[in-house]
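One file, model16.tsv, carrying TSV, C-alpha atoms:
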chain	number	residue	atom	x	y	z
A	1	MET	CA	61.71	-100.07	92.40
A	2	SER	CA	62.26	-103.53	93.89
A	3	ASP	CA	62.69	-105.27	90.51
A	4	ASN	CA	65.11	-102.54	89.49
A	5	TYR	CA	67.24	-103.21	92.51
A	6	GLU	CA	68.79	-106.31	90.94
A	7	GLN	CA	70.11	-104.50	87.89
A	8	VAL	CA	71.37	-101.55	89.89
A	9	PHE	CA	74.40	-103.51	91.03
A	10	ASP	CA	74.77	-105.81	88.03
A	11	ASP	CA	78.04	-104.36	86.75
A	12	ARG	CA	79.79	-103.79	90.01
A	13	VAL	CA	83.44	-104.66	90.07
A	14	PRO	CA	85.76	-105.31	92.96
A	15	GLY	CA	86.83	-102.05	94.54
A	16	VAL	CA	83.53	-100.26	94.02
A	17	GLU	CA	82.10	-99.11	97.28
A	18	GLU	CA	78.38	-98.72	97.66
A	19	HIS	CA	78.21	-95.30	99.23
A	20	GLU	CA	80.92	-93.11	97.80
A	21	ALA	CA	80.98	-89.34	97.73
A	22	THR	CA	77.40	-88.39	98.48
A	23	ALA	CA	77.36	-84.64	98.77
A	24	GLY	CA	74.32	-83.04	100.30
A	25	TYR	CA	71.73	-80.67	98.89
A	26	LEU	CA	73.07	-78.17	101.42
A	27	SER	CA	76.50	-78.12	99.78
A	28	TYR	CA	75.06	-77.22	96.37
A	29	THR	CA	72.73	-74.60	97.87
A	30	ILE	CA	75.53	-72.90	99.82
A	31	GLY	CA	77.71	-72.95	96.70
A	32	PHE	CA	74.92	-71.48	94.58
A	33	ALA	CA	74.27	-68.69	97.10
A	34	LEU	CA	77.97	-67.77	97.33
A	35	ALA	CA	78.34	-67.86	93.53
A	36	ILE	CA	75.33	-65.57	93.06
A	37	VAL	CA	76.76	-63.12	95.60
A	38	ALA	CA	80.14	-63.12	93.79
A	39	THR	CA	78.44	-62.66	90.40
A	40	LEU	CA	76.31	-59.75	91.63
A	41	ALA	CA	79.36	-58.15	93.24
A	42	SER	CA	81.28	-58.45	89.95
A	43	PHE	CA	78.54	-56.77	87.93
A	44	ILE	CA	78.17	-54.00	90.52
A	45	VAL	CA	81.94	-53.41	90.74
A	46	ALA	CA	82.18	-53.12	86.95
A	47	GLN	CA	79.48	-50.45	86.71
A	48	THR	CA	79.76	-48.43	89.89
A	49	ASN	CA	81.53	-45.09	90.21
A	50	LEU	CA	82.24	-45.60	93.89
A	51	ILE	CA	85.46	-47.48	93.23
A	52	TRP	CA	88.70	-45.91	92.05
A	53	ALA	CA	88.66	-46.79	88.33
A	54	PRO	CA	92.17	-48.31	88.01
A	55	GLY	CA	91.32	-50.64	90.91
A	56	VAL	CA	88.27	-52.13	89.18
A	57	PRO	CA	90.11	-54.78	87.07
A	58	VAL	CA	91.94	-56.01	90.18
A	59	GLY	CA	88.63	-56.25	92.05
A	60	LEU	CA	87.05	-58.15	89.15
A	61	ILE	CA	89.95	-60.62	89.02
A	62	VAL	CA	89.76	-61.24	92.78
A	63	LEU	CA	85.98	-61.81	92.61
A	64	ALA	CA	86.38	-64.17	89.63
A	65	LEU	CA	89.04	-66.20	91.46
A	66	ALA	CA	86.81	-66.34	94.55
A	67	GLN	CA	83.88	-67.57	92.47
A	68	ILE	CA	86.05	-70.19	90.75
A	69	GLY	CA	87.11	-71.37	94.21
A	70	VAL	CA	83.46	-71.63	95.29
A	71	HIS	CA	82.64	-73.66	92.17
A	72	LEU	CA	85.59	-76.01	92.74
A	73	VAL	CA	84.72	-76.69	96.37
A	74	PHE	CA	80.91	-76.75	96.38
A	75	PHE	CA	80.10	-77.98	92.85
A	76	LEU	CA	83.12	-80.09	91.90
A	77	HIS	CA	83.70	-81.21	95.53
A	78	LEU	CA	87.44	-80.74	95.57
A	79	GLY	CA	88.24	-80.96	99.25
A	80	SER	CA	90.82	-82.22	101.67
A	81	ASP	CA	89.55	-85.80	101.67
A	82	ARG	CA	91.75	-88.67	100.56
A	83	ASP	CA	90.02	-89.16	97.18
A	84	SER	CA	90.64	-85.54	96.16
A	85	THR	CA	94.43	-85.60	96.50
A	86	ASN	CA	95.15	-86.68	92.94
A	87	ASN	CA	92.50	-84.34	91.51
A	88	ILE	CA	94.02	-81.37	93.34
A	89	LEU	CA	97.54	-82.22	92.18
A	90	ALA	CA	96.30	-82.44	88.57
A	91	LEU	CA	94.44	-79.16	89.03
A	92	ALA	CA	97.58	-77.46	90.38
A	93	PHE	CA	99.54	-78.58	87.32
A	94	GLY	CA	96.73	-77.47	84.99
A	95	MET	CA	96.60	-74.06	86.66
A	96	LEU	CA	100.38	-73.72	86.23
A	97	ILE	CA	100.05	-74.32	82.47
A	98	VAL	CA	97.05	-71.96	82.19
A	99	LEU	CA	98.95	-69.24	84.07
A	100	LEU	CA	102.06	-69.69	81.90
A	101	ILE	CA	100.05	-69.46	78.67
A	102	ILE	CA	97.93	-66.42	79.62
A	103	ALA	CA	100.44	-64.38	81.63
A	104	GLY	CA	103.30	-65.31	79.29
A	105	SER	CA	101.36	-64.29	76.16
A	106	VAL	CA	100.24	-60.98	77.64
A	107	TRP	CA	103.76	-60.22	78.87
A	108	ILE	CA	105.49	-61.07	75.59
A	109	VAL	CA	103.03	-59.23	73.33
A	110	SER	CA	102.90	-56.10	75.50
A	111	ASN	CA	106.70	-56.07	75.32
A	112	LEU	CA	106.54	-56.39	71.53
A	113	ASN	CA	103.92	-53.63	71.35
A	114	SER	CA	106.01	-51.22	73.38
A	115	ASN	CA	108.98	-51.83	71.06
A	116	MET	CA	106.98	-51.19	67.88
A	117	MET	CA	107.85	-48.22	65.68
A	118	PRO	CA	105.25	-45.49	66.14
A	119	MET	CA	102.85	-45.66	63.21
B	1	MET	CA	102.13	-106.90	95.82
B	2	THR	CA	103.05	-108.42	99.13
B	3	ILE	CA	102.29	-106.65	102.33
B	4	THR	CA	105.07	-106.64	104.84
B	5	ALA	CA	104.98	-105.47	108.40
B	6	SER	CA	106.71	-102.22	107.40
B	7	ASP	CA	103.92	-101.31	104.94
B	8	GLU	CA	101.87	-99.99	107.82
B	9	ALA	CA	98.67	-101.28	106.24
B	10	LEU	CA	97.34	-101.83	109.71
B	11	THR	CA	97.76	-99.68	112.76
B	12	ALA	CA	98.48	-101.12	116.15
B	13	ASP	CA	94.81	-101.62	116.98
B	14	GLY	CA	94.14	-103.29	113.63
B	15	SER	CA	92.05	-100.51	112.06
B	16	GLU	CA	92.71	-99.68	108.44
B	17	LEU	CA	95.12	-96.82	107.91
B	18	VAL	CA	93.20	-94.24	105.95
B	19	ARG	CA	95.66	-92.41	103.76
B	20	ALA	CA	96.77	-92.46	100.13
B	21	GLY	CA	97.43	-96.06	99.15
B	22	GLY	CA	96.63	-97.34	102.61
B	23	GLY	CA	93.09	-98.39	101.80
B	24	GLY	CA	93.72	-100.54	98.73
B	25	PRO	CA	92.87	-99.63	95.13
B	26	ALA	CA	90.51	-96.71	94.59
B	27	GLY	CA	86.94	-97.39	93.54
B	28	LYS	CA	86.07	-97.44	89.84
B	29	ARG	CA	84.01	-94.29	90.27
B	30	ILE	CA	87.02	-92.45	91.69
B	31	VAL	CA	89.28	-93.63	88.87
B	32	VAL	CA	86.78	-92.72	86.13
B	33	ALA	CA	86.20	-89.26	87.62
B	34	TYR	CA	89.98	-88.74	87.82
B	35	GLY	CA	90.43	-89.63	84.14
B	36	PHE	CA	87.63	-87.28	83.14
B	37	TRP	CA	89.12	-84.57	85.36
B	38	ILE	CA	92.37	-84.85	83.36
B	39	PHE	CA	90.35	-84.35	80.15
B	40	ILE	CA	88.65	-81.27	81.65
B	41	LEU	CA	92.01	-79.80	82.63
B	42	SER	CA	93.31	-80.31	79.09
B	43	ASP	CA	90.18	-78.53	77.87
B	44	MET	CA	91.02	-75.69	80.28
B	45	VAL	CA	94.49	-75.46	78.75
B	46	MET	CA	92.86	-75.16	75.31
B	47	PHE	CA	90.57	-72.40	76.63
B	48	SER	CA	93.57	-70.63	78.17
B	49	ALA	CA	95.07	-70.26	74.68
B	50	LEU	CA	91.85	-68.57	73.52
B	51	PHE	CA	91.80	-66.38	76.66
B	52	ALA	CA	95.41	-65.38	75.96
B	53	THR	CA	94.51	-64.58	72.33
B	54	TYR	CA	91.63	-62.41	73.47
B	55	ALA	CA	93.69	-60.65	76.14
B	56	VAL	CA	96.34	-59.84	73.52
B	57	LEU	CA	93.91	-58.69	70.80
B	58	SER	CA	91.20	-57.01	72.88
B	59	GLY	CA	92.51	-53.51	72.12
B	60	ASN	CA	92.95	-54.07	68.36
B	61	THR	CA	89.60	-52.81	67.15
B	62	ALA	CA	90.93	-51.51	63.78
B	63	GLY	CA	88.67	-48.45	64.04
B	64	GLY	CA	85.63	-50.70	64.51
B	65	PRO	CA	83.27	-50.98	67.46
B	66	THR	CA	84.72	-51.58	70.93
B	67	GLY	CA	83.39	-53.88	73.61
B	68	ALA	CA	81.86	-50.98	75.51
B	69	GLU	CA	79.77	-50.12	72.42
B	70	LEU	CA	78.74	-53.69	71.64
B	71	PHE	CA	78.08	-55.48	74.91
B	72	ASN	CA	74.73	-55.45	76.66
B	73	LEU	CA	75.47	-56.23	80.32
B	74	ARG	CA	71.82	-56.89	81.13
B	75	ASN	CA	71.76	-59.81	78.68
B	76	VAL	CA	75.13	-61.04	79.94
B	77	PHE	CA	73.80	-61.02	83.50
B	78	ILE	CA	70.74	-63.07	82.44
B	79	GLU	CA	73.05	-65.51	80.61
B	80	THR	CA	75.23	-65.81	83.72
B	81	VAL	CA	72.27	-66.49	85.99
B	82	CYS	CA	70.91	-69.10	83.53
B	83	LEU	CA	74.22	-70.95	83.46
B	84	LEU	CA	74.70	-70.74	87.23
B	85	LEU	CA	71.17	-72.01	87.89
B	86	SER	CA	71.69	-74.85	85.43
B	87	SER	CA	74.91	-75.78	87.27
B	88	TYR	CA	72.87	-75.85	90.48
B	89	THR	CA	70.07	-78.00	89.04
B	90	CYS	CA	72.72	-80.24	87.46
B	91	GLY	CA	74.21	-80.81	90.92
B	92	LEU	CA	70.78	-81.58	92.40
B	93	GLY	CA	70.07	-83.93	89.47
B	94	ALA	CA	73.35	-85.78	90.05
B	95	LEU	CA	72.40	-86.11	93.71
B	96	SER	CA	68.95	-87.52	92.84
B	97	ALA	CA	70.57	-89.99	90.43
B	98	GLU	CA	73.00	-91.15	93.12
B	99	ARG	CA	70.10	-91.66	95.51
B	100	ARG	CA	68.25	-93.65	92.81
B	101	GLN	CA	65.33	-91.24	92.43
B	102	PRO	CA	64.63	-91.29	88.66
B	103	GLY	CA	61.60	-88.99	88.87
B	104	ARG	CA	63.50	-86.18	90.57
B	105	PHE	CA	66.48	-86.81	88.28
B	106	PHE	CA	64.39	-86.24	85.14
B	107	VAL	CA	62.88	-83.04	86.57
B	108	PHE	CA	66.33	-81.62	87.36
B	109	ALA	CA	67.80	-82.81	84.04
B	110	ALA	CA	64.95	-81.09	82.15
B	111	LEU	CA	65.53	-77.86	84.13
B	112	THR	CA	69.27	-78.07	83.41
B	113	PHE	CA	68.58	-78.54	79.72
B	114	LEU	CA	66.10	-75.65	79.51
B	115	LEU	CA	68.42	-73.24	81.35
B	116	GLY	CA	71.35	-74.25	79.13
B	117	ALA	CA	69.18	-73.81	76.03
B	118	ALA	CA	68.05	-70.37	77.26
B	119	PHE	CA	71.71	-69.38	77.64
B	120	LEU	CA	72.46	-70.53	74.09
B	121	ILE	CA	69.45	-68.73	72.60
B	122	ILE	CA	70.45	-65.43	74.24
B	123	GLU	CA	74.04	-65.87	73.08
B	124	ALA	CA	73.03	-66.78	69.50
B	125	THR	CA	70.71	-63.75	69.35
B	126	GLU	CA	73.55	-61.50	70.49
B	127	PHE	CA	75.91	-62.98	67.89
B	128	ALA	CA	73.33	-62.55	65.12
B	129	ARG	CA	72.72	-58.92	66.14
B	130	MET	CA	76.46	-58.19	66.13
B	131	VAL	CA	77.00	-59.79	62.71
B	132	GLN	CA	74.04	-57.90	61.25
B	133	THR	CA	75.37	-54.55	62.47
B	134	GLY	CA	78.70	-55.19	60.74
B	135	ALA	CA	80.53	-56.34	63.88
B	136	GLY	CA	81.20	-59.90	62.69
B	137	PRO	CA	84.39	-61.89	63.35
B	138	SER	CA	86.08	-60.49	60.23
B	139	ARG	CA	85.73	-56.84	61.33
B	140	SER	CA	88.77	-56.62	63.63
B	141	GLY	CA	91.28	-58.66	65.60
B	142	PHE	CA	89.30	-57.92	68.74
B	143	LEU	CA	86.11	-59.35	67.22
B	144	SER	CA	87.91	-62.42	65.79
B	145	ALA	CA	89.24	-63.24	69.25
B	146	PHE	CA	85.84	-62.48	70.83
B	147	PHE	CA	83.94	-64.84	68.53
B	148	ALA	CA	86.61	-67.54	68.87
B	149	LEU	CA	86.56	-67.49	72.68
B	150	VAL	CA	82.86	-66.97	73.37
B	151	GLY	CA	81.88	-69.15	70.37
B	152	MET	CA	84.08	-72.00	71.64
B	153	HIS	CA	82.37	-71.82	75.01
B	154	GLY	CA	78.99	-71.82	73.26
B	155	ALA	CA	80.03	-74.85	71.22
B	156	HIS	CA	80.93	-76.65	74.44
B	157	VAL	CA	77.52	-75.80	75.94
B	158	THR	CA	75.85	-77.11	72.75
B	159	SER	CA	77.73	-80.40	72.90
B	160	GLY	CA	76.89	-80.62	76.61
B	161	LEU	CA	73.18	-80.31	75.85
B	162	LEU	CA	73.41	-83.01	73.15
B	163	ALA	CA	75.25	-85.29	75.60
B	164	LEU	CA	72.53	-84.64	78.20
B	165	ILE	CA	69.83	-85.86	75.78
B	166	TYR	CA	71.93	-88.95	75.09
B	167	LEU	CA	72.40	-89.63	78.81
B	168	ALA	CA	68.70	-89.12	79.60
B	169	ALA	CA	67.92	-91.71	76.92
B	170	GLN	CA	70.40	-94.08	78.59
B	171	VAL	CA	68.72	-93.58	81.97
B	172	ILE	CA	65.35	-94.42	80.35
B	173	ALA	CA	66.72	-97.48	78.55
B	174	LYS	CA	69.09	-98.86	81.20
B	175	GLY	CA	68.01	-97.32	84.48
B	176	LEU	CA	70.30	-95.74	87.07
B	177	ARG	CA	72.87	-98.53	87.10
B	178	PRO	CA	76.48	-97.82	88.16
B	179	ALA	CA	77.87	-97.52	84.60
B	180	VAL	CA	75.21	-94.92	83.74
B	181	LEU	CA	75.78	-93.15	87.07
B	182	ARG	CA	79.48	-92.82	86.24
B	183	ARG	CA	78.63	-91.24	82.88
B	184	LEU	CA	76.28	-88.83	84.64
B	185	LEU	CA	79.06	-87.99	87.10
B	186	CYS	CA	81.43	-87.18	84.22
B	187	TRP	CA	78.75	-85.09	82.53
B	188	SER	CA	78.13	-83.06	85.68
B	189	LEU	CA	81.89	-82.45	86.01
B	190	PHE	CA	81.88	-81.18	82.40
B	191	TRP	CA	78.91	-78.90	83.03
B	192	HIS	CA	80.36	-77.40	86.22
B	193	ALA	CA	83.68	-76.86	84.42
B	194	LEU	CA	81.87	-74.93	81.65
B	195	ASP	CA	80.43	-72.65	84.31
B	196	ILE	CA	83.95	-72.01	85.61
B	197	VAL	CA	85.07	-71.06	82.08
B	198	TRP	CA	82.07	-68.72	81.84
B	199	VAL	CA	83.19	-66.94	85.04
B	200	GLY	CA	86.44	-66.15	83.20
B	201	VAL	CA	84.54	-65.08	80.07
B	202	PHE	CA	82.11	-62.68	81.71
B	203	THR	CA	84.88	-61.19	83.87
B	204	LEU	CA	87.58	-60.76	81.23
B	205	VAL	CA	85.47	-60.16	78.11
B	206	TYR	CA	82.27	-58.45	79.20
B	207	LEU	CA	82.89	-56.69	82.52
B	208	MET	CA	86.42	-55.52	81.73
B	209	GLY	CA	85.37	-54.74	78.13
B	210	VAL	CA	82.62	-52.44	79.33
B	211	HIS	CA	84.80	-50.89	82.01
B	212	HIS	CA	87.55	-49.78	79.60
Output the file's structure as structure tokens, nothing else.
Amino acid sequence: MSDNYEQVFDDRVPGVEEHEATAGYLSYTIGFALAIVATLASFIVAQTNLIWAPGVPVGLIVLALAQIGVHLVFFLHLGSDRDSTNNILALAFGMLIVLLIIAGSVWIVSNLNSNMMPM
Amino acid sequence: MTITASDEALTADGSELVRAGGGGPAGKRIVVAYGFWIFILSDMVMFSALFATYAVLSGNTAGGPTGAELFNLRNVFIETVCLLLSSYTCGLGALSAERRQPGRFFVFAALTFLLGAAFLIIEATEFARMVQTGAGPSRSGFLSAFFALVGMHGAHVTSGLLALIYLAAQVIAKGLRPAVLRRLLCWSLFWHALDIVWVGVFTLVYLMGVHH
């Protein structure tokens, strides 16, 4: 390892810090556990008869959003630290576009469908 | 850029003010990850168009098979666990790389690759079975949208696996130097993002498809 140490820092540039963003094993393990719980809950909710059927899609959407949040925080390390600010702003804009495309398409086409002549 | 007294670069006791812009230019690693994050978000926008297409067409089965008849939730659950585990081992591999532990890195990278490959094999088998039973992409609007969305995700996983081979070769040839570490960071962002897309796929396509 000692002869590798020289080349480890050979292309450093000004502004690069040595110890940036080192997340722990614990963070990944917590994230994995939470994601598995959310996944299991989703599969159970989809197949169980214990839940009022029209409520199932809402439950699935909530669980999916929760799992996406877990992935963003524990795997992609989006947090409240200074280096995440720009990433979160970009994510917020991306989510706005995604929401517009999906919700807008569903809204427009369901409107068109309900105005179709009965075939 | 000149620093004046009003820039508040220093607080009264002389310690550096830690807030956006107060600490000087961001590190190269931060900038590279930000650029790659923008790419991932643009990829998400592309996926959202396919999600919207599927949501619109999911009921248009043209008298053909519906999702409830086609999907095997047991296989989907195995696929989901494979991808989630590979996201986990990918994170542990990135951590080992950052801590300059090449041995551990290669073990985790190999696990990530095998789990991703297992996911792809299950998915390809499912696709082949569907096409053979006459439920190919040309059967109905629902199936066209299904193959476009799920196939696009599978294509991303495939390109991710190819990129992982390429990066492992770079680690062998160049060692865990900062430029290689930044590429590994970008790759792990890509891999975690694919898992996020899969959460949307198994929820919207498979679970809701079987529920209806």
* Skip Ser110 in chain A itself and residues of its chain fewer than 3 positions away, then list as JSON, numbers by chain all residues within 12 Å of it, counting all atoms listed in the file. => {"A": [103, 104, 105, 106, 107, 113, 114, 115, 116], "B": [52, 55, 56, 57, 59]}
* Residue with smallest distance to chain A - pool B:Arg100, B:Lys28, B:Arg183, B:Arg139, counting all atoms listed in the file -> B:Lys28
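Atom to atom, CA of Leu99 in chain A and CA of Leu63 in chain A stand 17.2 Å apart.
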* To do: For range 37-52 of chain A, list every protein, DNA or RNA residue within 8 Å, evaluated using only C-alpha atoms, and leave out those in the same chain fewer than 3 positions away; present the list as a ChimeraX atom specification.
  => /A:33-34,55-56,59-60,63-64,66-67 /B:77,203,207-208,210-211
Closest contacts (chain B/chain A, max 8 Å, all atoms listed in the file) as a tab-separated table:
residue	atom	partner	partner_atom	distance
B:Val18	CA	A:Arg82	CA	7.9
B:Arg19	CA	A:Arg82	CA	6.3
B:Ala20	CA	A:Arg82	CA	6.3
B:Pro25	CA	A:Gly15	CA	6.5
B:Ala26	CA	A:Gly15	CA	6.5
B:Gly27	CA	A:Val16	CA	4.5
B:Lys28	CA	A:Val16	CA	5.6
B:Arg29	CA	A:Val16	CA	7.1
B:Ile30	CA	A:Asp83	CA	7.1
B:Tyr34	CA	A:Asn87	CA	6.3
B:Trp37	CA	A:Asn87	CA	7.0
B:Ile38	CA	A:Ala90	CA	7.0
B:Leu41	CA	A:Gly94	CA	5.8
B:Ser42	CA	A:Gly94	CA	7.4
B:Met44	CA	A:Val98	CA	7.3
B:Val45	CA	A:Val98	CA	5.5
B:Ser48	CA	A:Val98	CA	5.5
B:Ala49	CA	A:Ile101	CA	6.4
B:Phe51	CA	A:Ile102	CA	6.8
B:Ala52	CA	A:Ile102	CA	4.6
B:Thr53	CA	A:Ser105	CA	7.9
B:Ala55	CA	A:Val106	CA	6.7
B:Val56	CA	A:Val106	CA	5.8
B:Phe77	CA	A:Phe43	CA	7.8
B:Val81	CA	A:Ile36	CA	7.8
B:Leu84	CA	A:Phe32	CA	7.4
B:Leu85	CA	A:Phe32	CA	7.7
B:Ser87	CA	A:Phe75	CA	7.9
B:Tyr88	CA	A:Phe32	CA	6.3
B:Gly91	CA	A:Tyr28	CA	6.6
B:Leu92	CA	A:Tyr25	CA	6.6
B:Leu95	CA	A:Ala23	CA	7.2
B:Glu98	CA	A:Thr22	CA	7.5
B:Gly175	CA	A:Val8	CA	7.6
B:Leu176	CA	A:Val8	CA	6.5
B:Arg177	CA	A:Val8	CA	4.4
B:Pro178	CA	A:Val8	CA	6.6
B:Ala179	CA	A:Asp11	CA	7.2
B:Leu189	CA	A:Leu76	CA	6.5
B:His192	CA	A:Phe75	CA	6.7
B:Ile196	CA	A:Ile68	CA	5.8
B:Val199	CA	A:Ala64	CA	6.2
B:Gly200	CA	A:Ala64	CA	6.7
B:Thr203	CA	A:Leu60	CA	6.5
B:Leu207	CA	A:Ala46	CA	5.7
B:Met208	CA	A:Pro57	CA	6.5
B:Val210	CA	A:Ala46	CA	7.7
B:His211	CA	A:Ala46	CA	6.0
* To do: Have a look at CA of Leu70 in chain B and CA of Ile121 in chain B and let me know their distance in Å, one decimal.
  =>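 The value is 17.7 Å.
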* How many Å lie between CA of Trp198 in chain B and CA of Gly93 in chain B, rounded to one decimal? ->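 Straight-line distance from CA of Trp198 in chain B to CA of Gly93 in chain B works out to 20.8 Å.
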Take every atom of range 105-114 of chain B listed in the file, fit an axis-aligned box around them, add 5 Å per side, and give the centre and edge lengths in Å to one decimal as AutoDock Vina command-line options.
--center_x 66.1 --center_y -81.2 --center_z 83.9 --size_x 16.4 --size_y 21.2 --size_z 18.8
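Minimum distance to Ser188 in chain B across B:Ala33, B:Ala118, B:Ala94, B:Leu143 (counting only C-alpha atoms) occurs at B:Ala94.
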* Phe142 in chain B: which residues within 12 Å, counting only C-alpha atoms, same-chain residues fewer than 5 positions away excluded, as a PyMOL selection string? -> chain B and resi 50-51+53-67+70+135-137+147-149+205+209
* Counting all atoms listed in the file, which residues come within 12 Å of (80.0, -72.9, 73.8), with the point read in the file's coordinates, and could you list them as a VMD selection string? -> chain B and resid 47 83 116 to 117 119 to 121 123 to 124 147 to 161 191 193 to 195 197 to 198 201
